[in-house]
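Here's the structure we're looking at; comments come further down.
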Amino acid sequence: MFGLERNLFFRVQPDPESEYYELGEYSSNIPRWCPGCGDFGILTAIQKLCHEEQLPPEKTVFASGIGCSSRFPHYMKTYGFHGLHGRAFPVAEGIKVHRPDLHVFVNTGDGDCCSIGAMHWIHAIRYNIDMVAILHDNNIYGLTKAQTSPTSPVGLKSNTNPRGGVLNPLNPMCATMGLGKDTASFVAQVVDWMPDLLYQVIREAYRHKGFSFVRVMQRCPKYTAGVFASALAHPEKEVLLLEDVYGRIKISDSMKKMVKNVLKHDFRDIHTAREVSTCSERYPVGILYCNENIQSYGELKRPKVKNTPARIRSVMEKEFDKVTKKKRGKAAPGAPQMTINGNTAVGMGIISSGMEICSFHPIDPAIPAMSYLSEVFETVGGIMHQAEDPIAALGFAIGASYSGTCAVTITSGPGFALMTEFLALACMTEIPVVIVNVQRSGPSSGLNTKAEQGDLLTAVFGAPGDAPKIVIAPSSPKELFFSIITSRKLAEEFRMPVIILSDANLAKKREAFDRLEFKDEWVASPIDQTPVPEKTKPYDWDPKTGLSKRFIPGQPNGMHALTGLAHSRNSKVAYESGTNQDACNHRSLKLATLRKTLKTPTVLGDPGGDLLLVTWGSLKNEAQTAVMSARKAGIKVSSLHLTYLNPLPPGLKSILKNFKKVATLEINYSDSLDDELINEGNRRYGDLAWLLRAKYLVDVDSWTSTDAAIFKAKSIEKMIRDRMKK
Ligand SMILES: Cc1ncc(C[n+]2csc(CCOP(=O)(O)OP(=O)(O)O)c2C)c(N)n1
Ligand code: SF4
């Protein structure tokens, strides 16, 4: 913008050479772990690593899930992302792919990594993105007070297996190396009670370029005091020390004396590594396997060009040309017309907004938008990430956004349903992100190519707890294009997710309109990367608007651990409801603030009458044509189209009150009063009707069908005539 490069901030950091960080500069809050917990040893080793390697705290990020071990980021004075149970990997991947300049670590428990997050773990290994993942393996779910984990030994009593676990434990080392010698990149195992080895292994993991996976046998004196007791008491019998033949790890004489079983090991030999890992009598400790020749997904995805407004302009002008007919259009004689469908509009809007990252998991009817971007996005320096599932797609987008941008994900109903936990996290942590949901007929897998407007309530309310977010429904490809540009700006300004509801009709529908000319103002301004002023809090909510300024990794003085748990303005975990209430209040105020800027929508027809037909999304044109025709026939009907669905625009209540009857026209399901069992008391309504009824206490009827094909102007007009006769 204004002659500056967008990624300028990567080069205005203080010169790391000129800084020296003391060991104490990496410590933050006092850990809440139990006395004797093995997590302390891991913390000490990592703080030592940061100090020895002189990692700039503002350029270091610890991402975690939920668990005792996942509290780790709160104890480091770096940036931290304490997110969702099992979902640290996609977030960390988004961070590192967008910001390769950051040092990224993941702290994960055995439940977090090997159970709920197992799918992300497998793919994290496959992506081989440069980061260090520490598995804090205490063989139990610690935080939730002793449930069996996938690594719990047979017979271990827990409160979910009071007579002892029955399944053989999963061996994370075998699982990792089982993915193949050209997939696993760095695999190591160590115990928390051998601090020197622990430190050295983590150091080698850090120095390895690629995904380093370190399993630490971590003592949990509270719930699994017995499981490592024997190895601790008899290291000479139960531990096998791997002495690497390359001498990366220095094995002291005292270590050798204590352990006794020492194996000279070439960590390039996966067969021996697998063999020793499967041995049930001894824990092998040291580097098991390392392959330095595997390509990193992060490197493969590294943009070859910079995403500057000038480049976006040049690419988009060509893209607009490709869809523009040279001959003069009918609608506006003289102006060249471009014709695009909704899915292409999504792709074009994403590029034109200056977004740099789009993550997705293929699902129809959104796939053509993903394909379009896969073709073009790279040419403006954009990154397309096909994630292992929709959960990871949103997690990756959130990670990228957190690290200093606003990323987007594209999906459809079933994928959107899976995303709701991450969606709430983005609301809670106030991370901007744009989600495009190309709705399809549901429920469940439904009809994948047919349109439905069945996800409105999920978009507005579908999340655990109160999670305010912006929901917009464009009505045409052109509106879709501009809604993406606006959404990015809203997401960043209001620090919240913006959901754009498209649908299968809109996705496929081609619309001709005057050829666009690229405008620099479509591209969002670069993010402020200047040092955070002293004493500024990560959630310095303005008492009136709820708005606050976000800090991003790389910004000096802004280090804090962001958390999906209830938190204070300082981003400290809050253990009492009062703080949570305060935070909920401020997040909600942001919607009220946005609402103040929205215009009251215009009624088509008279401002009062017998019937007001309310629509949203793709039904606008057909409904308006029908209403105009019915009006010509003397019916006192008007129509109202809503684009902003959360928050709803001001002035609606008085509009609705001016009509004898109000009905929504929606492509979704509602009960019919013609059914014998259905009455006013038990009737289920279309999504928008539910919203309007709840919000304005107006008796709003639903005229809906899940068959999108019936909503043609002629049949809508007939519907109006028939129903007004009743
Ligand atoms: C979706 C979801 N499911 C379950 C939980 C509850 N939960 C939080 S932490 C945890 C287990 C933690 O165990 P582990 O990952 O082994 O870490 P540890 O506490 O032992 O360090 C569970 C089940 C949750 N927060 N979210
Ligand atoms: S419950 Fe176990 S893992 Fe959790 S803090 Fe206590 S000792 Fe550590």
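Quick note on naming: the chains in the structure tokens go A, B, ... in the order shown, residues restart at 1 in each chain, and ligands are numbered from 1 in order of appearance.
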
Protein and nucleic acid residues within 7 Å of ligand 1 (only C-alpha atoms and all ligand atoms) as a PyMOL selection string: chain A and resi 66-70+84-85+108-113+136-144+149

Nearby residues (only C-alpha atoms) at most 12 Å from Gly462 (chain A), same-chain spacing under 6 positions excluded, as a ChimeraX atom specification: /A:413,416-424,427,455-456,468-469,471,499

Selection above as a file: C-alpha atoms, as an mmCIF file, in the first residue's frame:
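What landed in out_18.cif:
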data_model
loop_
_atom_site.group_PDB
_atom_site.id
_atom_site.type_symbol
_atom_site.label_atom_id
_atom_site.label_comp_id
_atom_site.auth_asym_id
_atom_site.auth_seq_id
_atom_site.Cartn_x
_atom_site.Cartn_y
_atom_site.Cartn_z
ATOM 1 C CA GLY A 413 -22.531 -27.698 5.322
ATOM 2 C CA PHE A 416 -18.925 -26.280 8.325
ATOM 3 C CA ALA A 417 -20.533 -28.413 11.033
ATOM 4 C CA LEU A 418 -17.136 -29.915 11.830
ATOM 5 C CA MET A 419 -15.601 -26.479 12.105
ATOM 6 C CA THR A 420 -17.780 -25.184 14.901
ATOM 7 C CA GLU A 421 -15.319 -25.854 17.721
ATOM 8 C CA PHE A 422 -12.588 -23.896 15.957
ATOM 9 C CA LEU A 423 -15.119 -21.237 15.052
ATOM 10 C CA ALA A 424 -15.831 -20.676 18.729
ATOM 11 C CA CYS A 427 -14.511 -15.862 18.477
ATOM 12 C CA ASP A 455 -27.055 -23.365 7.691
ATOM 13 C CA LEU A 456 -28.100 -19.908 8.824
ATOM 14 C CA PRO A 468 -20.566 -13.783 18.414
ATOM 15 C CA LYS A 469 -19.603 -13.677 14.777
ATOM 16 C CA VAL A 471 -22.795 -13.575 9.095
ATOM 17 C CA ILE A 499 -19.107 -16.272 7.711
#

Expected answer as an NGL selection string: residues within 6 Å of ligand 2, only C-alpha atoms and all ligand atoms: :A and (33-34 or 37 or 68 or 142-143 or 220-223)

Contacts of Ser639 (chain A) at 12 Å (only C-alpha atoms; same-chain gap of 2+ positions) as number ranges by chain: A: 601-616, 619-631, 636-637, 641-642, 655-656, 659, 661-665, 716-717, 720

Limited to N, CA and C atoms, could you put the picked residues into a file as a compact mmCIF listing (two decimals), in the first residue's frame?
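Below you can see again.txt, which holds the result:
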# COMPACT_ATOMS: atom_id res chain seq x y z
N PRO A 601 -32.25 -1.86 5.58
CA PRO A 601 -32.52 -2.28 4.19
C PRO A 601 -33.79 -1.63 3.64
N THR A 602 -33.82 -1.49 2.32
CA THR A 602 -34.95 -0.82 1.68
C THR A 602 -36.04 -1.83 1.35
N VAL A 603 -37.27 -1.41 1.62
CA VAL A 603 -38.41 -2.26 1.27
C VAL A 603 -38.72 -2.03 -0.20
N LEU A 604 -38.91 -3.10 -0.93
CA LEU A 604 -39.30 -2.97 -2.33
C LEU A 604 -40.83 -3.00 -2.37
N GLY A 605 -41.42 -1.90 -2.79
CA GLY A 605 -42.88 -1.79 -2.75
C GLY A 605 -43.26 -0.78 -1.67
N ASP A 606 -44.51 -0.85 -1.22
CA ASP A 606 -44.95 0.10 -0.19
C ASP A 606 -44.36 -0.24 1.17
N PRO A 607 -44.20 0.77 2.04
CA PRO A 607 -43.63 0.49 3.37
C PRO A 607 -44.60 -0.22 4.30
N GLY A 608 -45.83 -0.41 3.86
CA GLY A 608 -46.81 -1.16 4.66
C GLY A 608 -47.76 -1.87 3.71
N GLY A 609 -48.53 -2.82 4.22
CA GLY A 609 -49.47 -3.51 3.33
C GLY A 609 -49.90 -4.83 3.92
N ASP A 610 -50.40 -5.72 3.03
CA ASP A 610 -50.93 -7.01 3.51
C ASP A 610 -49.84 -8.03 3.78
N LEU A 611 -48.80 -7.98 2.94
CA LEU A 611 -47.78 -9.03 3.08
C LEU A 611 -46.38 -8.47 2.84
N LEU A 612 -45.47 -8.86 3.72
CA LEU A 612 -44.05 -8.56 3.48
C LEU A 612 -43.34 -9.89 3.31
N LEU A 613 -42.71 -10.06 2.16
CA LEU A 613 -41.98 -11.30 1.90
C LEU A 613 -40.49 -11.03 2.15
N VAL A 614 -39.93 -11.74 3.11
CA VAL A 614 -38.53 -11.47 3.49
C VAL A 614 -37.64 -12.58 2.95
N THR A 615 -36.56 -12.19 2.30
CA THR A 615 -35.64 -13.18 1.72
C THR A 615 -34.22 -12.91 2.17
N TRP A 616 -33.37 -13.89 1.94
CA TRP A 616 -31.92 -13.72 2.14
C TRP A 616 -31.20 -14.58 1.12
N LEU A 619 -32.20 -16.00 -3.16
CA LEU A 619 -33.59 -15.88 -3.62
C LEU A 619 -34.00 -14.45 -3.98
N LYS A 620 -33.11 -13.51 -3.78
CA LYS A 620 -33.49 -12.10 -3.92
C LYS A 620 -34.19 -11.79 -5.26
N ASN A 621 -33.52 -12.09 -6.35
CA ASN A 621 -34.04 -11.64 -7.64
C ASN A 621 -35.37 -12.28 -7.99
N GLU A 622 -35.46 -13.61 -7.80
CA GLU A 622 -36.71 -14.30 -8.15
C GLU A 622 -37.85 -13.76 -7.28
N ALA A 623 -37.57 -13.55 -6.00
CA ALA A 623 -38.62 -13.06 -5.10
C ALA A 623 -39.04 -11.65 -5.48
N GLN A 624 -38.08 -10.82 -5.81
CA GLN A 624 -38.43 -9.43 -6.13
C GLN A 624 -39.21 -9.36 -7.44
N THR A 625 -38.83 -10.18 -8.41
CA THR A 625 -39.58 -10.20 -9.67
C THR A 625 -41.03 -10.63 -9.39
N ALA A 626 -41.17 -11.66 -8.57
CA ALA A 626 -42.51 -12.17 -8.25
C ALA A 626 -43.34 -11.11 -7.54
N VAL A 627 -42.71 -10.42 -6.61
CA VAL A 627 -43.44 -9.41 -5.82
C VAL A 627 -43.87 -8.25 -6.73
N MET A 628 -43.00 -7.83 -7.62
CA MET A 628 -43.35 -6.72 -8.51
C MET A 628 -44.53 -7.12 -9.41
N SER A 629 -44.51 -8.36 -9.86
CA SER A 629 -45.58 -8.82 -10.72
C SER A 629 -46.90 -8.92 -9.94
N ALA A 630 -46.82 -9.45 -8.73
CA ALA A 630 -48.03 -9.57 -7.90
C ALA A 630 -48.59 -8.18 -7.57
N ARG A 631 -47.72 -7.24 -7.38
CA ARG A 631 -48.17 -5.87 -7.08
C ARG A 631 -48.95 -5.30 -8.27
N LYS A 636 -51.28 -6.32 -2.28
CA LYS A 636 -50.50 -5.35 -1.48
C LYS A 636 -49.33 -6.08 -0.81
N VAL A 637 -48.39 -6.43 -1.64
CA VAL A 637 -47.23 -7.18 -1.15
C VAL A 637 -45.95 -6.36 -1.40
N HIS A 641 -35.14 -7.67 1.46
CA HIS A 641 -34.04 -8.63 1.34
C HIS A 641 -32.97 -8.29 2.38
N LEU A 642 -32.50 -9.30 3.08
CA LEU A 642 -31.49 -9.07 4.12
C LEU A 642 -30.14 -9.64 3.69
N ILE A 655 -40.18 -1.98 10.36
CA ILE A 655 -40.60 -2.40 9.01
C ILE A 655 -41.59 -3.56 9.13
N LEU A 656 -41.22 -4.56 9.92
CA LEU A 656 -42.06 -5.76 10.03
C LEU A 656 -43.45 -5.41 10.58
N PHE A 659 -46.71 -4.42 8.42
CA PHE A 659 -47.42 -5.33 7.52
C PHE A 659 -48.34 -6.25 8.31
N LYS A 661 -49.12 -9.24 7.45
CA LYS A 661 -48.52 -10.58 7.50
C LYS A 661 -47.07 -10.48 7.03
N VAL A 662 -46.23 -11.23 7.73
CA VAL A 662 -44.81 -11.28 7.32
C VAL A 662 -44.46 -12.75 7.10
N ALA A 663 -43.82 -13.03 5.98
CA ALA A 663 -43.40 -14.42 5.73
C ALA A 663 -41.99 -14.41 5.16
N THR A 664 -41.22 -15.41 5.55
CA THR A 664 -39.91 -15.55 4.91
C THR A 664 -40.03 -16.55 3.78
N LEU A 665 -39.25 -16.32 2.76
CA LEU A 665 -39.18 -17.25 1.64
C LEU A 665 -37.77 -17.84 1.70
N ILE A 716 -43.27 -18.39 -7.33
CA ILE A 716 -43.35 -17.58 -6.10
C ILE A 716 -44.59 -16.67 -6.19
N GLU A 717 -44.80 -16.13 -7.38
CA GLU A 717 -45.96 -15.25 -7.54
C GLU A 717 -47.25 -16.04 -7.30
N ILE A 720 -47.77 -16.47 -3.71
CA ILE A 720 -48.28 -15.24 -3.09
C ILE A 720 -49.80 -15.15 -3.31

Residue neighbourhood Arg87 (chain A), 10 Å, only C-alpha atoms, exclusion window fewer than 4 positions, as a list in words: Ala63, Ser64, Gly65, Ile66, His82, Gly83, Val91, Ala92, Thr108, Asp112, Cys113, Ile116, Gly117, Ala118, Met119, His120, Trp121, Ile391, Ala392, Gly395, Phe396 and Phe422 of chain A

Shell around Arg126 (chain A) at 9 Å using only C-alpha atoms, local window under 4 positions removed, as a PyMOL selection string: chain A and resi 121-122+179+183-185+211+296-297

A:Pro90, A:Glu666, A:Glu281, A:Val216 ranked by distance to Glu388 (chain A), top pick (using only C-alpha atoms):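 The answer is A:Pro90, which sits nearest to Glu388 (chain A).
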
Among the residues A:Lys660, A:Lys77, A:Lys209, A:Lys145, the one that comes closest to Asn128 (chain A) [using only C-alpha atoms]: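 Selected residue with least distance to Asn128 (chain A): A:Lys209.
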
Atomic distance CA of Val523 (chain A) - CA of Pro100 (chain A), expressed in Å with one decimal: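 Computing the Euclidean distance for CA of Val523 (chain A) and CA of Pro100 (chain A) yields 22.6 Å.
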
Shortest interatomic distance to Gly36 (chain A) - which of A:Arg219, A:Arg587, A:Lys489, A:Lys304, counting only C-alpha atoms: A:Arg219

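Using only C-alpha atoms, the smallest distance between any of A:Phe711, A:Phe213, A:Tyr21, A:Phe81 and Leu135 (chain A) comes from A:Phe213.
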
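Among the candidates A:Leu300, A:Met355, A:Leu648, A:Ile678, the residue lying nearest to Ser525 (chain A) is A:Met355 (atoms considered: only C-alpha atoms).
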
All residues 10 Å or closer to Ala708 (chain A), only C-alpha atoms, same chain fewer than 5 positions away omitted, as an NGL selection string: :A and (441 or 450-453 or 504-505 or 619 or 666-668)

If you keep C-alpha atoms, can you produce a file of those selected residues as a compact mmCIF listing (two decimals), in the first residue's frame?
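Wrote part_24.txt, looks like this:
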# COMPACT_ATOMS: atom_id res chain seq x y z
CA SER A 441 -29.02 -29.55 0.74
CA LYS A 450 -28.48 -29.00 -4.67
CA ALA A 451 -28.88 -25.68 -2.91
CA GLU A 452 -30.35 -25.14 0.51
CA GLN A 453 -30.37 -22.31 3.00
CA ALA A 504 -25.21 -24.27 -4.65
CA ASN A 505 -27.46 -22.08 -6.82
CA LEU A 619 -33.59 -15.88 -3.62
CA GLU A 666 -36.34 -19.72 2.17
CA ILE A 667 -34.83 -22.81 0.61
CA ASN A 668 -34.99 -24.93 3.74

Test item: residues at most 6 Å from region 540-551 of chain A, only C-alpha atoms, excluding those fewer than 6 positions along its chain, as a VMD selection string: chain A and resid 558 569 586 to 587 589 to 590 593

Create the file for the chosen residues now, containing C-alpha atoms and written as a short mmCIF file (atom, residue, chain, number, x, y, z; two decimals), in the first residue's frame.
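To be explicit, this is the file written out as result.cif:
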data_model
loop_
_atom_site.label_atom_id
_atom_site.label_comp_id
_atom_site.auth_asym_id
_atom_site.auth_seq_id
_atom_site.Cartn_x
_atom_site.Cartn_y
_atom_site.Cartn_z
CA GLY A 558 3.44 -8.16 22.90
CA ARG A 569 -7.69 -8.64 29.43
CA HIS A 586 -17.04 -7.05 25.28
CA ARG A 587 -17.04 -9.58 22.48
CA LEU A 589 -20.43 -5.33 22.05
CA LYS A 590 -18.46 -5.65 18.84
CA THR A 593 -20.79 -1.62 17.18
#

Closest of A:Ala175, A:Met255, A:Ala345, A:Ala459 to Ser483 (chain A) - atom-to-atom distances counting only C-alpha atoms: A:Ala345

All strand (DSSP E or B) residues (DSSP, backbone) inside region 324-467 of chain A, as a count of residues only: 33

Which of region 455-701 of chain A DSSP labels alpha helix (DSSP H), written as JSON, numbers by chain: {"A": [456, 457, 458, 459, 460, 461, 477, 478, 479, 480, 481, 482, 483, 484, 485, 486, 487, 488, 489, 490, 491, 492, 493, 494, 504, 505, 506, 507, 508, 577, 578, 579, 580, 581, 582, 583, 584, 585, 586, 587, 588, 589, 590, 591, 592, 593, 594, 595, 596, 597, 620, 621, 622, 623, 624, 625, 626, 627, 628, 629, 630, 631, 632, 652, 653, 654, 655, 656, 657, 687, 688, 689, 690, 691, 692, 693, 694, 695, 696]}
